[in-house]
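Trainee: One file is attached below, my_file_27.txt, containing compact mmCIF, C-alpha atoms.
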# COMPACT_ATOMS: atom_id res chain seq x y z
CA MET A 10 -167.80 -3.52 154.29
CA ASN A 11 -164.76 -1.43 153.44
CA ILE A 12 -162.01 -2.16 155.99
CA SER A 13 -158.90 -0.06 156.50
CA THR A 14 -156.23 1.18 158.90
CA ASP A 15 -156.12 4.69 157.47
CA LEU A 16 -155.17 7.66 159.68
CA ASP A 17 -156.40 10.02 156.96
CA GLN A 18 -159.92 8.95 157.95
CA ILE A 19 -159.99 9.90 161.62
CA SER A 20 -162.04 13.08 161.08
CA PRO A 21 -165.84 13.17 160.93
CA ASP A 22 -167.25 12.40 157.50
CA LEU A 23 -169.39 15.45 156.72
CA THR A 24 -170.49 13.96 153.38
CA LYS A 25 -172.74 11.44 155.12
CA PRO A 26 -176.35 11.54 153.91
CA PRO A 27 -179.10 12.22 156.49
CA SER A 28 -179.61 8.46 156.95
CA GLY A 29 -175.90 7.91 157.66
CA TYR A 30 -174.16 7.28 160.98
CA GLU A 31 -170.70 7.50 162.50
CA TRP A 32 -168.92 6.51 165.70
CA TRP A 33 -165.49 6.28 167.38
CA TYR A 34 -165.20 3.17 169.54
CA PHE A 35 -162.77 2.49 172.43
CA ASP A 36 -162.58 -0.56 174.66
CA GLY A 37 -160.15 -1.95 177.22
CA LEU A 38 -159.67 -4.92 179.52
CA SER A 39 -157.44 -4.64 182.59
CA MET A 40 -154.43 -6.91 182.91
CA ASP A 41 -155.96 -8.74 185.87
CA GLY A 42 -159.29 -9.16 184.05
CA LYS A 43 -161.18 -7.37 186.83
CA TYR A 44 -162.20 -4.18 185.01
CA ALA A 45 -163.34 -3.49 181.46
CA PHE A 46 -164.73 -0.47 179.63
CA VAL A 47 -166.41 0.42 176.35
CA VAL A 48 -166.81 4.08 175.36
CA ILE A 49 -168.39 5.17 172.06
CA PHE A 50 -168.58 8.72 170.71
CA TYR A 51 -171.21 9.21 167.99
CA HIS A 52 -171.47 11.99 165.45
CA ASP A 53 -174.75 10.51 164.26
CA ASN A 54 -176.33 7.89 166.50
CA PRO A 55 -177.79 4.98 164.46
CA PHE A 56 -179.79 3.75 167.48
CA SER A 57 -181.64 7.04 167.96
CA THR A 58 -185.42 6.72 167.74
CA SER A 59 -185.52 10.51 167.42
CA LYS A 60 -183.34 10.32 164.31
CA ILE A 61 -185.51 7.56 162.79
CA ARG A 62 -188.70 9.57 163.41
CA LYS A 63 -187.21 12.68 161.78
CA LEU A 64 -186.14 10.70 158.71
CA GLU A 65 -189.61 9.20 158.39
CA LYS A 66 -191.03 12.74 158.17
CA ASP A 67 -188.31 14.14 155.94
CA PRO A 68 -185.66 11.74 154.49
CA ASN A 69 -183.61 14.67 153.21
CA LYS A 70 -183.34 16.63 156.45
CA LYS A 71 -179.76 16.49 157.68
CA GLU A 72 -179.67 16.91 161.45
CA PRO A 73 -176.91 14.82 163.13
CA CYS A 74 -177.66 13.26 166.51
CA PRO A 75 -174.38 13.22 168.50
CA ALA A 76 -174.23 10.89 171.48
CA ILE A 77 -171.90 9.11 173.85
CA SER A 78 -172.27 5.74 175.55
CA VAL A 79 -170.15 4.56 178.48
CA SER A 80 -170.08 1.06 179.95
CA ILE A 81 -167.85 0.10 182.88
CA TYR A 82 -167.61 -3.52 184.03
CA ARG A 83 -166.16 -5.13 187.13
CA ASN A 84 -165.88 -8.92 187.29
CA LYS A 85 -167.96 -9.08 184.06
CA LYS A 86 -170.89 -7.17 185.60
CA THR A 87 -171.98 -3.65 184.63
CA ILE A 88 -171.27 -1.14 187.39
CA TYR A 89 -171.89 2.03 185.35
CA TYR A 90 -173.85 2.68 182.17
CA SER A 91 -174.96 5.75 180.27
CA PHE A 92 -176.21 6.52 176.78
CA LEU A 93 -176.69 10.26 176.27
CA GLU A 94 -177.81 11.97 173.06
CA PHE A 95 -177.28 15.70 172.53
CA SER A 96 -178.18 18.48 170.14
CA GLU A 97 -175.98 18.97 167.08
CA HIS A 98 -174.25 22.06 168.53
CA GLU A 99 -172.85 19.97 171.44
CA PHE A 100 -170.57 18.09 169.01
CA ASN A 101 -167.24 19.68 168.15
CA TRP A 102 -164.26 18.40 166.15
CA ASN A 103 -161.06 20.44 166.17
CA GLY A 104 -159.00 19.24 163.22
CA ASN A 105 -155.91 21.21 164.24
CA ASP A 106 -155.76 19.69 167.73
CA LEU A 107 -157.31 16.35 166.65
CA LYS A 108 -159.80 16.71 169.48
CA LEU A 109 -163.44 15.61 169.61
CA SER A 110 -165.87 16.91 172.25
CA ILE A 111 -169.44 16.03 173.11
CA GLN A 112 -170.47 18.35 175.91
CA ASN A 113 -168.01 17.63 178.79
CA ASN A 114 -166.65 14.38 177.30
CA THR A 115 -163.60 14.51 175.05
CA PHE A 116 -160.81 12.58 173.44
CA GLN A 117 -157.72 13.93 171.73
CA TYR A 118 -155.20 12.18 169.49
CA ASP A 119 -151.43 12.69 169.59
CA LEU A 120 -149.27 11.48 166.69
CA LYS A 121 -145.53 11.42 167.24
CA GLY A 122 -143.21 9.38 165.07
CA ASN A 123 -144.36 5.77 165.17
CA SER A 124 -146.53 6.37 168.25
CA PHE A 125 -150.29 6.94 168.19
CA SER A 126 -151.79 7.93 171.52
CA PHE A 127 -154.95 9.48 172.89
CA GLU A 128 -156.31 10.98 176.07
CA MET A 129 -160.00 10.65 176.94
CA ASN A 130 -161.77 12.66 179.62
CA LEU A 131 -165.19 11.64 180.91
CA ASP A 132 -167.44 13.85 183.03
CA GLN A 133 -171.07 12.78 183.51
CA ASN A 134 -173.77 13.25 186.12
CA LEU A 135 -176.90 11.22 185.42
CA ALA A 136 -180.49 11.91 186.41
CA SER A 137 -180.36 8.79 188.61
CA GLY A 138 -177.56 10.27 190.72
CA HIS A 139 -174.89 8.04 189.20
CA SER A 140 -171.78 9.75 187.88
CA ILE A 141 -168.36 9.22 186.37
CA SER A 142 -165.29 11.43 186.00
CA GLY A 143 -161.71 10.75 185.08
CA THR A 144 -159.21 9.96 182.37
CA ILE A 145 -158.24 7.06 180.11
CA LYS A 146 -154.91 7.32 178.32
CA GLY A 147 -153.91 4.93 175.56
CA SER A 148 -150.83 4.48 173.42
CA GLY A 149 -149.90 2.10 170.61
CA ARG A 150 -147.82 1.77 167.50
CA LEU A 151 -148.87 3.62 164.39
CA SER A 152 -150.39 1.14 161.92
CA PRO A 153 -149.39 1.44 158.26
CA SER A 154 -152.31 2.34 156.01
CA SER A 155 -151.70 -0.91 154.13
CA LEU A 156 -151.94 -3.11 157.25
CA ILE A 157 -155.53 -4.09 156.50
CA SER A 158 -157.31 -3.13 153.30
CA SER A 159 -160.55 -4.66 152.07
CA GLU A 160 -162.59 -2.76 149.51
CA SER A 161 -166.18 -3.38 148.49
CA PRO A 162 -169.11 -1.44 147.03
CA ASP A 163 -170.71 -1.42 150.49
CA ARG A 164 -171.59 1.91 152.09
CA HIS A 165 -169.96 1.19 155.46
CA THR A 166 -166.31 1.82 156.36
CA TRP A 167 -164.63 0.14 159.33
CA ASN A 168 -161.34 1.88 160.10
CA LEU A 169 -159.16 0.03 162.65
CA LEU A 170 -157.13 2.96 163.94
CA LEU A 171 -155.52 1.15 166.89
CA PRO A 172 -155.90 -2.64 166.71
CA VAL A 173 -154.13 -2.77 170.07
CA PHE A 174 -153.01 -0.17 172.60
CA ASP A 175 -151.82 -0.07 176.20
CA PHE A 176 -153.99 2.01 178.52
CA GLN A 177 -153.98 3.51 181.98
CA SER A 178 -157.20 4.69 183.60
CA GLU A 179 -157.96 6.80 186.64
CA ILE A 180 -161.71 7.12 186.96
CA MET A 181 -164.00 7.85 189.88
CA ILE A 182 -167.28 5.99 189.50
CA ASN A 183 -170.48 6.44 191.45
CA GLY A 184 -172.22 3.39 190.09
CA LEU A 185 -174.18 0.29 190.97
CA ASN A 186 -172.23 -0.34 194.16
CA GLY A 187 -171.64 3.25 195.19
CA ARG A 188 -168.32 5.02 194.81
CA GLU A 189 -165.19 3.25 193.61
CA HIS A 190 -161.90 4.24 192.05
CA MET A 191 -160.98 2.46 188.81
CA MET A 192 -157.23 2.93 188.66
CA THR A 193 -155.90 0.22 186.40
CA GLU A 194 -154.02 -0.60 183.21
CA GLY A 195 -154.38 -3.09 180.42
CA LYS A 196 -154.83 -3.49 176.67
CA GLY A 197 -157.48 -1.99 174.43
CA TYR A 198 -158.75 -1.44 170.91
CA HIS A 199 -159.98 1.60 168.93
CA ASP A 200 -161.83 1.99 165.63
CA HIS A 201 -163.87 4.49 163.61
CA ASN A 202 -167.03 3.41 161.75
CA THR A 203 -168.92 5.37 159.12
CA GLY A 204 -172.08 4.40 157.24
CA HIS A 205 -173.83 6.10 154.34
CA GLU A 206 -177.12 4.26 154.78
CA PRO A 207 -179.03 2.64 157.67
CA MET A 208 -177.28 -0.52 158.88
CA LYS A 209 -180.31 -2.67 158.08
CA GLU A 210 -179.83 -1.80 154.40
CA SER A 211 -176.21 -3.00 154.45
CA PHE A 212 -176.44 -6.29 156.31
CA LYS A 213 -178.63 -8.76 158.22
CA GLU A 214 -176.27 -9.52 161.11
CA TRP A 215 -172.69 -8.80 162.12
CA TYR A 216 -170.32 -10.61 164.49
CA TRP A 217 -167.01 -8.93 165.33
CA GLY A 218 -164.44 -9.01 168.11
CA ARG A 219 -160.83 -8.73 169.25
CA TYR A 220 -158.61 -10.75 171.57
CA HIS A 221 -155.18 -9.57 172.72
CA PHE A 222 -152.61 -12.32 173.19
CA LYS A 223 -149.07 -11.76 174.45
CA ASP A 224 -147.46 -11.29 171.04
CA PHE A 225 -150.37 -10.71 168.69
CA THR A 226 -153.99 -9.57 168.45
CA LEU A 227 -156.86 -11.43 166.83
CA ILE A 228 -159.52 -9.32 165.12
CA TYR A 229 -162.43 -10.99 163.36
CA TYR A 230 -165.34 -9.79 161.27
CA LEU A 231 -168.23 -12.00 160.14
CA MET A 232 -171.06 -10.31 158.27
CA GLU A 233 -174.21 -11.86 156.85
CA LYS A 234 -175.25 -9.49 154.09
CA HIS A 235 -178.38 -9.53 151.96
CA GLY A 236 -177.52 -12.47 149.73
CA ALA A 237 -173.79 -12.69 150.53
CA GLN A 238 -171.25 -13.19 153.32
CA GLN A 239 -168.03 -11.40 154.24
CA LEU A 240 -165.85 -13.47 156.58
CA GLU A 241 -162.43 -12.14 157.54
CA ALA A 242 -160.01 -12.31 160.46
CA TRP A 243 -156.44 -11.22 161.09
CA LEU A 244 -153.61 -12.10 163.45
CA ILE A 245 -151.70 -8.85 163.91
CA ASP A 246 -148.17 -8.84 165.31
CA ALA A 247 -148.07 -6.57 168.36
CA GLU A 248 -144.44 -5.58 167.91
CA ASN A 249 -144.21 -4.47 164.29
CA GLN A 250 -147.89 -4.08 163.34
CA SER A 251 -147.87 -6.60 160.50
CA VAL A 252 -150.46 -9.22 159.56
CA LEU A 253 -149.19 -12.64 160.57
CA GLU A 254 -152.17 -14.55 159.24
CA TYR A 255 -155.25 -13.69 157.20
CA VAL A 256 -158.25 -15.95 157.76
CA THR A 257 -161.32 -16.30 155.54
CA GLU A 258 -162.81 -19.59 156.76
CA ALA A 259 -165.37 -19.20 159.55
CA ASP A 260 -168.25 -21.02 161.14
CA TRP A 261 -170.60 -20.09 163.97
CA SER A 262 -172.83 -22.41 165.94
CA TYR A 263 -174.76 -23.06 169.18
CA LYS A 264 -177.27 -20.29 168.53
CA THR A 265 -179.23 -19.07 171.53
CA ARG A 266 -182.33 -16.86 171.46
CA ASN A 267 -182.71 -14.08 174.03
CA TRP A 268 -185.91 -12.59 175.52
CA PHE A 269 -186.24 -10.25 172.53
CA GLY A 270 -186.03 -12.99 169.90
CA VAL A 271 -182.43 -12.26 168.87
CA ASN A 272 -180.85 -15.56 167.83
CA SER A 273 -177.05 -15.34 167.96
CA ALA A 274 -174.19 -17.85 168.07
CA ARG A 275 -172.16 -18.67 171.15
CA LYS A 276 -169.30 -20.48 169.37
CA ILE A 277 -167.16 -19.16 166.52
CA ASP A 278 -164.47 -21.14 164.72
CA LEU A 279 -161.89 -19.60 162.37
CA LYS A 280 -159.41 -21.53 160.28
CA SER A 281 -156.58 -21.13 157.77
CA THR A 282 -153.51 -23.13 156.77
CA GLN A 283 -151.45 -22.26 159.86
CA VAL A 284 -154.03 -21.25 162.44
CA SER A 285 -157.23 -22.53 164.01
CA VAL A 286 -159.27 -20.40 166.42
CA ASN A 287 -162.06 -21.30 168.81
CA ILE A 288 -164.02 -18.47 170.41
CA GLN A 289 -166.57 -19.09 173.14
CA LEU A 290 -168.92 -16.14 173.73
CA LYS A 291 -169.10 -17.00 177.38
CA ASP A 292 -170.19 -14.03 179.51
CA LYS A 293 -172.95 -11.82 178.13
CA ILE A 294 -172.38 -8.31 179.48
CA ASP A 295 -174.90 -6.38 177.35
CA ASP A 296 -178.12 -7.81 175.97
CA GLY A 297 -180.90 -6.11 174.06
CA PRO A 298 -183.31 -6.37 171.13
CA PHE A 299 -180.67 -5.61 168.47
CA TYR A 300 -177.23 -5.65 170.12
CA GLN A 301 -175.21 -7.99 172.35
CA ARG A 302 -171.75 -7.75 173.90
CA PHE A 303 -169.71 -10.58 175.41
CA ILE A 304 -166.43 -11.12 177.21
CA GLY A 305 -165.34 -14.35 175.63
CA ASP A 306 -162.54 -16.91 175.69
CA SER A 307 -160.35 -17.55 172.67
CA ILE A 308 -158.05 -20.52 172.11
CA ILE A 309 -155.63 -20.32 169.17
CA ASN A 310 -153.47 -23.05 167.70
CA TYR A 311 -150.86 -21.20 165.66
CA LYS A 312 -147.90 -23.02 164.08
CA GLY A 313 -148.24 -25.85 166.59
CA GLN A 314 -148.39 -23.59 169.66
CA VAL A 315 -151.54 -23.04 171.74
CA TYR A 316 -152.48 -19.61 173.12
CA ALA A 317 -155.42 -18.39 175.22
CA ALA A 318 -156.91 -14.95 175.90
CA HIS A 319 -160.05 -13.14 177.07
CA GLY A 320 -161.55 -10.41 174.94
CA PHE A 321 -164.61 -8.65 173.56
CA SER A 322 -167.09 -10.09 171.08
CA GLU A 323 -170.14 -8.27 169.74
CA TYR A 324 -173.22 -8.97 167.67
CA ILE A 325 -175.80 -6.73 166.03
CA TYR A 326 -179.10 -7.45 164.32
CA PRO A 327 -179.94 -4.03 162.82
CA LYS A 328 -183.44 -4.80 161.55
CA ASN A 329 -184.74 -4.59 165.14
CA ILE A 330 -183.46 -1.03 165.55
CA HIS A 331 -186.43 0.08 163.46
CA ASN A 332 -188.97 -2.19 165.15
CA LYS A 333 -191.05 0.22 167.23
CA ILE A 334 -192.25 -2.52 169.56
CA PHE A 335 -188.81 -2.30 171.21
CA TRP A 336 -188.65 1.50 171.45
CA PRO A 337 -190.07 1.75 174.99
CA LEU A 338 -187.06 -0.30 176.13
CA VAL A 339 -184.68 1.92 174.17
CA HIS A 340 -186.17 5.01 175.83
CA MET A 341 -185.36 3.62 179.29
CA ARG A 342 -181.64 3.47 178.39
CA LEU A 343 -181.11 6.28 175.88
CA ARG A 344 -181.38 9.75 177.43
CA TYR A 345 -182.29 12.59 175.07
CA MET A 346 -180.61 15.50 176.82
CA ASN A 347 -182.90 18.14 175.31
CA GLU A 348 -185.90 16.36 176.87
CA ALA A 349 -186.91 15.45 180.40
CA PRO A 350 -185.44 12.09 181.48
CA HIS A 351 -187.55 8.95 181.39
CA TRP A 352 -188.91 8.18 184.85
CA VAL A 353 -186.79 5.00 184.99
CA GLN A 354 -183.65 7.07 184.33
CA LYS A 355 -184.42 9.20 187.40
CA SER A 356 -184.46 6.21 189.75
CA ILE A 357 -181.23 5.13 191.41
CA LEU A 358 -182.84 1.71 191.93
CA MET A 359 -184.68 1.20 188.62
CA TYR A 360 -182.16 2.60 186.15
CA PRO A 361 -179.43 -0.02 186.88
CA TRP A 362 -182.04 -2.67 186.06
CA THR A 363 -181.74 -1.55 182.41
CA TRP A 364 -177.96 -2.02 182.38
Please re-express this file's structure in structure tokens.
Mentor:
Amino acid sequence: MNISTDLDQISPDLTKPPSGYEWWYFDGLSMDGKYAFVVIFYHDNPFSTSKIRKLEKDPNKKEPCPAISVSIYRNKKTIYYSFLEFSEHEFNWNGNDLKLSIQNNTFQYDLKGNSFSFEMNLDQNLASGHSISGTIKGSGRLSPSSLISSESPDRHTWNLLLPVFDFQSEIMINGLNGREHMMTEGKGYHDHNTGHEPMKESFKEWYWGRYHFKDFTLIYYLMEKHGAQQLEAWLIDAENQSVLEYVTEADWSYKTRNWFGVNSARKIDLKSTQVSVNIQLKDKIDDGPFYQRFIGDSIINYKGQVYAAHGFSEYIYPKNIHNKIFWPLVHMRLRYMNEAPHWVQKSILMYPWTW
């Protein structure tokens, strides 16, 4: 994995091969812990069964599959979920305005001095009758390009554009429990990932996450490659965007297997000379045959002081993306907008069951 904090790499990578993928990831957790969101814009969706089928027929045919996924949580339960894939012409990047659009959903960057902010607008009406509309605004300090730099021959780049930002949201949701207004503020995280080969070719499994403490943010990255490991974590000072501690010792344990056979850890320990970290992947908020998301608890002992925070942890087992036995489940969640919706997606009662 190549890891960076490089603002020169915010634009779509048009040199990706047909088997490549790319996404822009945003998440946030409200100050009171009640609400959380994860929104991902894809230029080329690596979870698309349509994309995999096309590559099986013609590995050289370049036809990006743009998509957007939205997850809204209240009290660690999903209240709104969508995963919509569009035709290539629905994706638009305006380099002059630093604005990305996928149909009616957009985000736009604003760079001023040492400030890096964005505004995201969501507008979706699902076949089930669920809907979401509103705005998320985020602002943080501009990270120096040298903040985090880790180079490798791997064909995946993880660009941490905003390790931490403050957000305000005003969103109207017609979700699991009917209509509700998510008007809240908190802290979030934003990155940009690009791959030049299918994920299963790059690694076996990947754990990553971020936890925002009062004065610093913890970001960790644990990857089991084919024959090697890459284990890294950083404590990033919230005030001046500098790395307080770089951690390369990690261990994960208490593995638990889900209904789909995915066997992932529930406890992660990180350690260096001045810091020890314990992360408990406590509340599973997304669970599937190749991907899991948690809201976890992190306890840090740093220079003799103990700190605690909630945050996001994630896990992916990419081999299962290509296992066609799981595709019927994928088709219940992933809506191909140029096709008729799956019958489950049309049901206001059945579709939330897939969330």
Trainee: If we count all atoms listed in the file, what is near stretch 71-79 of chain A at a cut-off of 6 Å, once residues fewer than 2 positions away on the same chain are taken out, given as a list in words?
Mentor: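 Once the nearby chain positions are removed, what remains is Pro27, Val47, Val48, Ile49, Phe50, Tyr51, His52, Asp53, Asn54, Tyr90, Ser91, Phe92, Leu93, Glu94, Phe95 and Glu97 of chain A.
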Trainee: Find the residue from A:Ile182, A:Leu227, A:Ile141, A:Ile294 that sits nearest to A:Glu323; use only C-alpha atoms when measuring.
Mentor: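 Using only C-alpha atoms, A:Glu323 sits closest to A:Ile294.
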Trainee: Would you pick out the contacts of A:Val286 at 6 Å or less, using all atoms listed in the file, so that residues sharing its chain but fewer than 5 positions from it are not included, and give the list as a PDB file with C-alpha atoms, in the coordinates of the input?
Mentor:
ATOM      1  CA  ASP A 278    -164.470 -21.140 164.720  1.00  0.00           C
ATOM      2  CA  LEU A 279    -161.890 -19.600 162.370  1.00  0.00           C
ATOM      3  CA  ILE A 308    -158.050 -20.520 172.110  1.00  0.00           C
ATOM      4  CA  ILE A 309    -155.630 -20.320 169.170  1.00  0.00           C
TER       5      ILE A 309
END
Trainee: Counting only C-alpha atoms, which residue out of A:Met192, A:Pro327, A:Ala247, A:Ser158 sits closest to A:Met232?
Mentor: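 Closest to A:Met232, using only C-alpha atoms: A:Pro327.
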Trainee: Please work out which residues fall within 10 Å of (-147.4, -12.8, 164.9), coordinates as given in the file, with all atoms listed in the file counting, and return them as a PyMOL selection string.
Mentor: chain A and resi 222-227+243-254+311
Trainee: If you count all atoms listed in the file, which residues fall within 8 Å of A:Trp364, apart from same-chain ones fewer than 4 positions away, as a list in words?
Mentor: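 Near neighbours after the sequence-gap exclusion: Thr87, Tyr89, Tyr90, Asp295, Arg342 and Tyr360 of chain A.
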Trainee: Identify which of the residues A:Asn101, A:Ser155, A:Thr265, A:Ser57 lies closest to A:Leu16, counting all atoms listed in the file when measuring atom-to-atom distances.
Mentor: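 Checking each of A:Asn101, A:Ser155, A:Thr265, A:Ser57 against A:Leu16, counting all atoms listed in the file, the winner is A:Ser155.
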Trainee: Output as a Markdown table one row per residue of stretch 144-168 of chain A within 8 Å of stretch 203-215 of chain A: the closest atom pair and its distance in Å to one decimal place, counting only C-alpha atoms, sorted by chain and residue number ascending.
Mentor:
| residue | atom | partner | partner_atom | distance |
| --- | --- | --- | --- | --- |
| A:Asp163 | CA | A:Ser211 | CA | 7.0 |
| A:Arg164 | CA | A:His205 | CA | 5.3 |
| A:His165 | CA | A:Gly204 | CA | 4.2 |
| A:Thr166 | CA | A:Thr203 | CA | 5.2 |
| A:Trp167 | CA | A:Thr203 | CA | 6.8 |
Trainee: Rounded to one decimal place, report the atom CA of A:Lys264-atom CA of A:Leu290 distance in Å.
Mentor: 10.7 Å
Trainee: Dig up all the protein and nucleic acid residues within 12 Å of (-155.2, -11.7, 174.7) in the file frame, using only C-alpha atoms, and format them as an MDAnalysis selection string.
Mentor: chainID A and resid 37:42 173:174 195:198 218:228 244:245 247 288 304:309 316:321
Trainee: If you measure from atom CA of A:Pro361 to atom CA of A:Gln301, what distance in Å do you get, rounded to one decimal?
Mentor: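 If I compute the distance from atom CA of A:Pro361 to atom CA of A:Gln301, I get 17.1 Å.
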Trainee: Give me, please, the distance in Å between atom CA of A:Lys85 and atom CA of A:Leu338, quoted to one decimal.
Mentor: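 Atom CA of A:Leu338 lies at a distance of 22.5 Å from atom CA of A:Lys85.
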